[in-house]
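Since the structure comes first, as structure tokens, the remarks are kept for the end.
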Amino acid sequence: MGATPTPATTIVKNFGSSHARLVRNALGGIFFKARNPQKLGAWYRKHLGLPVDDQWHGFSFEWRDARKPGQKGCTVWSAFAADTKYFGRGRQGHMINYRVGNLKKVLAQLKAEGVWVDPKSEESEYGKFG
């Protein structure tokens, strides 16, 4: 996985309130727990031809921005061990990363609406996460 250029902007309605949020191409990644990520990855490789990596049990769907074809992006798909703590507190079995135009603004709005937001955030070559 490499750094992802900024894609075009799409407005996605937040059905819980009266305003829309600025989201960029919606999905950055789909992550889920599996009893045996390596075996599951092998199944997807064999039966669906997906290039699942043996090291991190995932792959990237690469795409180009429809409005700016010169800009590339990707959506990550990856299996994690069933006992991972990476998804945060609770027993959730999956995590979805959304591409947003302004992470600080979205997190502030969520907090203002009473949504619990993990206080730690992260920035890497793959983007900003919060």
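The way I read the labels, and the way they are meant: chains A, B, ... in the order of the structure tokens, residue 1 as the first residue of every chain, and ligand 1 as the first ligand shown, with later ones counted on from there.
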
Could you pull out all residues of chain A with a DSSP call of strand (DSSP E or B) and give them as a VMD selection string? chain A and resid 10 to 13 20 to 34 58 to 64 72 to 81 94 to 100 122 to 124 127 to 129

Shell of 9 Å around A:Ala34, only C-alpha atoms, local chain residues under 6 positions omitted, as a count of residues only: 7

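Considering the residues A:Gly58, A:Gly114, A:Gly49, A:Gly101 and counting only C-alpha atoms, A:Thr75 has its shortest atom-to-atom contact with A:Gly58.
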
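Straight-line separation from atom CA of A:Phe61 to atom CA of A:Val106: 24.9 Å.
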